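Enquirer: Pasting a structure here, questions to come.
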Amino acid sequence: MTENKKTDVIVVGAGPAGISCAITIARAGKKVVLIERGSFAGSKNVFGGAIYTQPTKEIFPDFETSAPLERRNVEHKFAILGEDDSTVVSYKNKTETAGSYTVIRAKFDRWMAEEAKKAGVYLVEKTVVKELLTENSKVTGVRTELEDYCADIVILADGVNSLLAKQIGLREDIQPKDVALSVKEVIKLDKNIINDRFNISDDEGCIYEIFGGPMLGMLGLGFMYTNRNSITIGLGITLSELVERGIRPYDMLEELKKHPTIAPLIKGGELEEYSAHLIPEGGYNKVPKLFADGVMIAGDAAMLVNNLHWEGTNLAMISGKLAAETALEALNKNDFSAKTLRLYEEKLKNSFVMKDLKTYKDLMDIAHKKSDAFLDYYLRTVNGFFKMFTSVDSVPKRQKYYNFVGTFFKERKFMNIISDIWHGIRLLWSILKWY
């Protein structure tokens, strides 16, 4: 290995975590190599559709005026779908600064990568890292298809599968219940049609978070985002559900698109893109060891996804930044041991990243146990209530209320309701209690 191939830091994976990490290091004047297996940054990256303003500004302060953004999200809708009916709750605010923007990852990640190169990051694309190089149990570099790269620190931001993290024992194999398979389509529609159907103007966007429908009783959620000239629609379902039920996610997406609440919004659109991606779903209890001698892991590779809020990109960016800050301190000390890199874990624990994941640490356990209740029966009950409340058929209102309550207790056994309440209180307590 020649000396000129030695660098301060190697980052594997040019997604939001990897680019945020690499650009932070480069801005501090250190040498960093960013290795991406795709033909360009973003070519293999998939997500729902939104980036969040505040965390993005921590990495790219001027991104709102220079990045390829689609729409500024001003409305967030929560849609509870029955088999042929729905209840939709909406929050809309046009006056405040946007909390998020929709983007196309192939464009946005490529822009981030160009910004990183301007800052001094050496980007290597179309290159697969086959294994980590180690010496006396310390990670010292990476081996690619063509050559070896050596560094004082390696940061893994190579996605949910992260074979490299497994290689050195930082992660175990992912269990099917701890990962979701997300499928999505980008449907081309005229800008003016999107504006009319979603009641927004040219630069405004709308987000749908979708419960139920073809996913009733399953650990799955749907989503829809408005882009400038297209709609992104998709869903994610826990892999264990797909296996146990023998269902195919793209069949379920087709059913979602046919739902009476969704179909009019995408009517007449032309399929522009189809993609699928694995998403970490295990939450706080499945976050692996984050560091070892000479190495740290960030983003999806570290299982840093808040699945209830559909947050992953912001956690990835901030974890990449914190890993970079830790690397810089290690470089200044000339100490790349796990003892020094432990600071990364401490930084994450003190940030919103781990605090939010800890808030929902019991969510997936309860969701697995009570999916028949919270993701089926009670969703149907909400729609049933509004059907009753809005119908006019000459039946006295009081009688309707009595009938509704009677049906509620008839269709769900009393002991099941007690169990549901107990699990709901347990979840609420885990969210509200102070750690």
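Ordered as shown in the structure tokens, chains take letters A, B, and onward, while each chain numbers its residues from 1 and ligands are numbered from 1 in the order shown.
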As an MDAnalysis selection string, which residues of segment 242-329 of chain A does DSSP assign to strand (DSSP E)?
Expert: chainID A and resid 270:280 291:292 295:297
Enquirer: Restricted to all heavy atoms, what would the selected residues look like written as a tab-separated table (two decimals), in the first residue's frame?
Expert:
```
chain	number	residue	atom	x	y	z
A	270	GLU	N	-49.23	8.68	-15.05
A	270	GLU	CA	-48.40	7.73	-15.80
A	270	GLU	C	-47.24	7.25	-14.92
A	270	GLU	O	-46.53	8.07	-14.33
A	270	GLU	CB	-47.86	8.42	-17.05
A	270	GLU	CG	-46.92	7.56	-17.89
A	270	GLU	CD	-46.34	8.34	-19.05
A	270	GLU	OE1	-46.88	9.42	-19.39
A	270	GLU	OE2	-45.33	7.87	-19.61
A	271	LEU	N	-47.09	5.93	-14.81
A	271	LEU	CA	-46.02	5.38	-13.99
A	271	LEU	C	-44.67	5.82	-14.53
A	271	LEU	O	-44.33	5.59	-15.68
A	271	LEU	CB	-46.09	3.85	-13.97
A	271	LEU	CG	-44.99	3.14	-13.16
A	271	LEU	CD1	-45.04	3.54	-11.70
A	271	LEU	CD2	-45.11	1.63	-13.31
A	272	GLU	N	-43.88	6.45	-13.66
A	272	GLU	CA	-42.58	6.96	-14.06
A	272	GLU	C	-41.44	6.15	-13.44
A	272	GLU	O	-40.38	6.00	-14.03
A	272	GLU	CB	-42.47	8.43	-13.62
A	272	GLU	CG	-41.35	9.20	-14.25
A	272	GLU	CD	-41.48	10.70	-13.97
A	272	GLU	OE1	-41.63	11.08	-12.79
A	272	GLU	OE2	-41.44	11.48	-14.93
A	273	GLU	N	-41.69	5.61	-12.25
A	273	GLU	CA	-40.62	4.90	-11.54
A	273	GLU	C	-41.24	3.93	-10.53
A	273	GLU	O	-42.26	4.24	-9.90
A	273	GLU	CB	-39.73	5.91	-10.81
A	273	GLU	CG	-38.65	5.31	-9.94
A	273	GLU	CD	-37.95	6.36	-9.09
A	273	GLU	OE1	-37.71	7.47	-9.61
A	273	GLU	OE2	-37.67	6.08	-7.90
A	274	TYR	N	-40.64	2.75	-10.41
A	274	TYR	CA	-41.02	1.79	-9.36
A	274	TYR	C	-39.76	1.40	-8.62
A	274	TYR	O	-38.71	1.17	-9.23
A	274	TYR	CB	-41.68	0.55	-9.96
A	274	TYR	CG	-41.97	-0.53	-8.92
A	274	TYR	CD1	-43.16	-0.51	-8.21
A	274	TYR	CD2	-41.05	-1.53	-8.65
A	274	TYR	CE1	-43.44	-1.48	-7.24
A	274	TYR	CE2	-41.31	-2.50	-7.69
A	274	TYR	CZ	-42.50	-2.48	-6.99
A	274	TYR	OH	-42.76	-3.42	-6.04
A	275	SER	N	-39.83	1.31	-7.29
A	275	SER	CA	-38.65	0.93	-6.52
A	275	SER	C	-39.07	0.22	-5.24
A	275	SER	O	-40.21	0.34	-4.78
A	275	SER	CB	-37.79	2.16	-6.19
A	275	SER	OG	-38.54	3.14	-5.51
A	276	ALA	N	-38.14	-0.51	-4.65
A	276	ALA	CA	-38.36	-1.22	-3.39
A	276	ALA	C	-37.11	-1.09	-2.53
A	276	ALA	O	-35.99	-1.00	-3.05
A	276	ALA	CB	-38.69	-2.69	-3.64
A	277	HIS	N	-37.32	-1.10	-1.22
A	277	HIS	CA	-36.20	-0.85	-0.32
A	277	HIS	C	-36.51	-1.43	1.05
A	277	HIS	O	-37.66	-1.37	1.50
A	277	HIS	CB	-35.96	0.65	-0.22
A	277	HIS	CG	-34.70	1.04	0.50
A	277	HIS	ND1	-33.45	0.66	0.09
A	277	HIS	CD2	-34.51	1.78	1.63
A	277	HIS	CE1	-32.54	1.16	0.90
A	277	HIS	NE2	-33.16	1.83	1.85
A	278	LEU	N	-35.50	-1.97	1.71
A	278	LEU	CA	-35.66	-2.43	3.08
A	278	LEU	C	-35.45	-1.27	4.05
A	278	LEU	O	-34.55	-0.44	3.86
A	278	LEU	CB	-34.65	-3.54	3.40
A	278	LEU	CG	-34.88	-4.89	2.72
A	278	LEU	CD1	-33.74	-5.85	3.06
A	278	LEU	CD2	-36.22	-5.49	3.15
A	279	ILE	N	-36.28	-1.20	5.09
A	279	ILE	CA	-36.21	-0.13	6.08
A	279	ILE	C	-36.07	-0.75	7.46
A	279	ILE	O	-36.85	-1.63	7.83
A	279	ILE	CB	-37.48	0.74	6.03
A	279	ILE	CG1	-37.65	1.35	4.64
A	279	ILE	CG2	-37.44	1.83	7.10
A	279	ILE	CD1	-38.95	2.09	4.48
A	280	PRO	N	-35.11	-0.29	8.27
A	280	PRO	CA	-35.00	-0.80	9.65
A	280	PRO	C	-36.24	-0.44	10.45
A	280	PRO	O	-36.69	0.71	10.44
A	280	PRO	CB	-33.77	-0.07	10.20
A	280	PRO	CG	-33.05	0.48	9.01
A	280	PRO	CD	-34.08	0.72	7.96
A	291	PHE	N	-19.63	1.36	17.50
A	291	PHE	CA	-18.22	1.69	17.32
A	291	PHE	C	-17.35	0.50	17.75
A	291	PHE	O	-17.78	-0.39	18.47
A	291	PHE	CB	-17.85	2.91	18.18
A	291	PHE	CG	-18.07	2.66	19.65
A	291	PHE	CD1	-17.05	2.17	20.45
A	291	PHE	CD2	-19.31	2.89	20.23
A	291	PHE	CE1	-17.26	1.92	21.80
A	291	PHE	CE2	-19.53	2.64	21.57
A	291	PHE	CZ	-18.50	2.15	22.36
A	292	ALA	N	-16.15	0.52	17.24
A	292	ALA	CA	-15.09	-0.41	17.66
A	292	ALA	C	-13.77	0.27	17.32
A	292	ALA	O	-13.76	1.41	16.85
A	292	ALA	CB	-15.24	-1.76	16.96
A	295	VAL	N	-13.50	2.22	13.82
A	295	VAL	CA	-14.70	2.16	12.99
A	295	VAL	C	-15.93	2.65	13.75
A	295	VAL	O	-16.05	2.47	14.96
A	295	VAL	CB	-14.93	0.72	12.46
A	295	VAL	CG1	-15.21	-0.24	13.60
A	295	VAL	CG2	-16.03	0.68	11.42
A	296	MET	N	-16.87	3.29	13.01
A	296	MET	CA	-18.18	3.67	13.52
A	296	MET	C	-19.22	3.38	12.45
A	296	MET	O	-18.88	3.25	11.27
A	296	MET	CB	-18.20	5.16	13.87
A	296	MET	CG	-17.33	5.57	15.04
A	296	MET	SD	-17.32	7.37	15.32
A	296	MET	CE	-16.11	7.88	14.09
A	297	ILE	N	-20.48	3.28	12.85
A	297	ILE	CA	-21.55	3.07	11.86
A	297	ILE	C	-22.64	4.13	12.07
A	297	ILE	O	-22.91	4.55	13.20
A	297	ILE	CB	-22.15	1.65	11.92
A	297	ILE	CG1	-22.69	1.33	13.32
A	297	ILE	CG2	-21.12	0.63	11.51
A	297	ILE	CD1	-23.35	-0.03	13.38
```
Enquirer: Which residues of segment 160-213 of chain A sit at most 7 Å from segment 79-91 of chain A, using only C-alpha atoms? Give each one's shortest atom pair and distance in Å (one decimal place), in chain and ascending residue order, as a tab-separated table.
Expert:
```
residue	atom	partner	partner_atom	distance
A:Tyr208	CA	A:Ala79	CA	6.9
A:Glu209	CA	A:Ala79	CA	6.2
A:Ile210	CA	A:Ala79	CA	4.9
A:Phe211	CA	A:Ile80	CA	4.9
A:Gly212	CA	A:Leu81	CA	4.9
A:Gly213	CA	A:Leu81	CA	4.6
```
Enquirer: Residues at most 9 Å from segment 5-13 of chain A, counting only C-alpha atoms, excluding those fewer than 6 positions away in the same chain, as a ChimeraX atom specification?
Expert: /A:19,21-22,25,30-37,41,129,141-142,148-159,327,331
Enquirer: Using only C-alpha atoms, which residues sit within 12 Å of Asn285 of chain A once same-chain residues fewer than 2 positions away are excluded, as a ChimeraX atom specification?
Expert: /A:178,280-283,287-289,302-305,354,357-365
Enquirer: Let's see if you can do this: from backbone DSSP, list all alpha helix (DSSP H) residues in segment 150-310 of chain A, as an MDAnalysis selection string.
Expert: chainID A and resid 163:167 191:198 239:245 249:258 263:266
Enquirer: Rounded to one decimal in Å, what is the spacing between atom CA of Ser201 of chain A and atom CA of Arg71 of chain A?
Expert: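 Answer for the atom CA of Ser201 of chain A to atom CA of Arg71 of chain A separation: 9.6 Å.
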Enquirer: So the first atom is atom CA of Ala50 of chain A and the second is atom CA of Val243 of chain A; what is the distance between them in Å, to one decimal place?
Expert: 28.8 Å
Enquirer: Using only C-alpha atoms, which of A:Val392, A:Lys370, A:Pro249, A:Thr381 sits nearest Gly424 of chain A?
Expert: A:Lys370
Enquirer: Given the choices A:Ser230, A:Lys191, A:Thr144, A:Ser182, which gets closest to Val103 of chain A if the distance is worked out from only C-alpha atoms?
Expert: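 For Val103 of chain A, the nearest of the candidates is A:Ser230.
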Enquirer: Residues at most 8 Å from Leu265 of chain A, counting only C-alpha atoms, excluding those fewer than 2 positions away in the same chain, as a compact mmCIF listing (two decimals) with all heavy atoms, in the first residue's frame?
Expert:
```
# COMPACT_ATOMS: atom_id res chain seq x y z
N ILE A 194 -52.14 18.38 -9.99
CA ILE A 194 -51.74 18.15 -8.60
C ILE A 194 -52.23 19.29 -7.71
O ILE A 194 -52.79 19.06 -6.63
CB ILE A 194 -50.21 18.00 -8.50
CG1 ILE A 194 -49.75 16.74 -9.23
CG2 ILE A 194 -49.77 17.95 -7.04
CD1 ILE A 194 -48.24 16.61 -9.35
N ARG A 197 -56.09 18.99 -7.22
CA ARG A 197 -56.55 17.84 -6.44
C ARG A 197 -56.16 17.93 -4.97
O ARG A 197 -56.88 17.44 -4.09
CB ARG A 197 -56.01 16.54 -7.05
CG ARG A 197 -56.63 16.21 -8.40
CD ARG A 197 -56.05 14.95 -8.99
NE ARG A 197 -56.67 14.67 -10.30
CZ ARG A 197 -56.33 13.66 -11.10
NH1 ARG A 197 -55.38 12.81 -10.71
NH2 ARG A 197 -56.94 13.50 -12.25
N PHE A 198 -55.01 18.54 -4.70
CA PHE A 198 -54.54 18.63 -3.32
C PHE A 198 -54.75 20.02 -2.72
O PHE A 198 -54.36 20.27 -1.58
CB PHE A 198 -53.05 18.25 -3.25
CG PHE A 198 -52.80 16.79 -3.49
CD1 PHE A 198 -52.65 16.31 -4.78
CD2 PHE A 198 -52.72 15.90 -2.43
CE1 PHE A 198 -52.41 14.96 -5.02
CE2 PHE A 198 -52.49 14.55 -2.66
CZ PHE A 198 -52.34 14.08 -3.95
N THR A 261 -60.61 6.58 -1.72
CA THR A 261 -60.04 7.84 -1.24
C THR A 261 -58.77 8.21 -1.99
O THR A 261 -58.46 9.40 -2.17
CB THR A 261 -59.74 7.75 0.27
OG1 THR A 261 -60.97 7.49 0.96
CG2 THR A 261 -59.11 9.03 0.81
N ILE A 262 -58.04 7.22 -2.45
CA ILE A 262 -56.73 7.45 -3.08
C ILE A 262 -56.83 7.55 -4.60
O ILE A 262 -56.18 8.40 -5.22
CB ILE A 262 -55.76 6.31 -2.70
CG1 ILE A 262 -55.64 6.19 -1.18
CG2 ILE A 262 -54.39 6.54 -3.35
CD1 ILE A 262 -55.13 7.44 -0.50
N ALA A 263 -57.66 6.72 -5.20
CA ALA A 263 -57.72 6.64 -6.67
C ALA A 263 -57.96 7.98 -7.36
O ALA A 263 -57.30 8.29 -8.37
CB ALA A 263 -58.78 5.61 -7.09
N LYS A 267 -55.57 9.61 -10.44
CA LYS A 267 -56.25 9.24 -11.69
C LYS A 267 -55.58 9.89 -12.90
O LYS A 267 -55.27 11.07 -12.89
CB LYS A 267 -57.72 9.66 -11.62
CG LYS A 267 -58.53 9.30 -12.84
CD LYS A 267 -59.97 9.76 -12.69
CE LYS A 267 -60.78 9.44 -13.94
NZ LYS A 267 -62.19 9.92 -13.81
```
Enquirer: Measuring atom to atom with only C-alpha atoms, identify which of A:Gly234, A:Pro260, A:Pro55, A:Gly38 is nearest to Glu125 of chain A.
Expert: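 Selected residue with least distance to Glu125 of chain A: A:Gly38.
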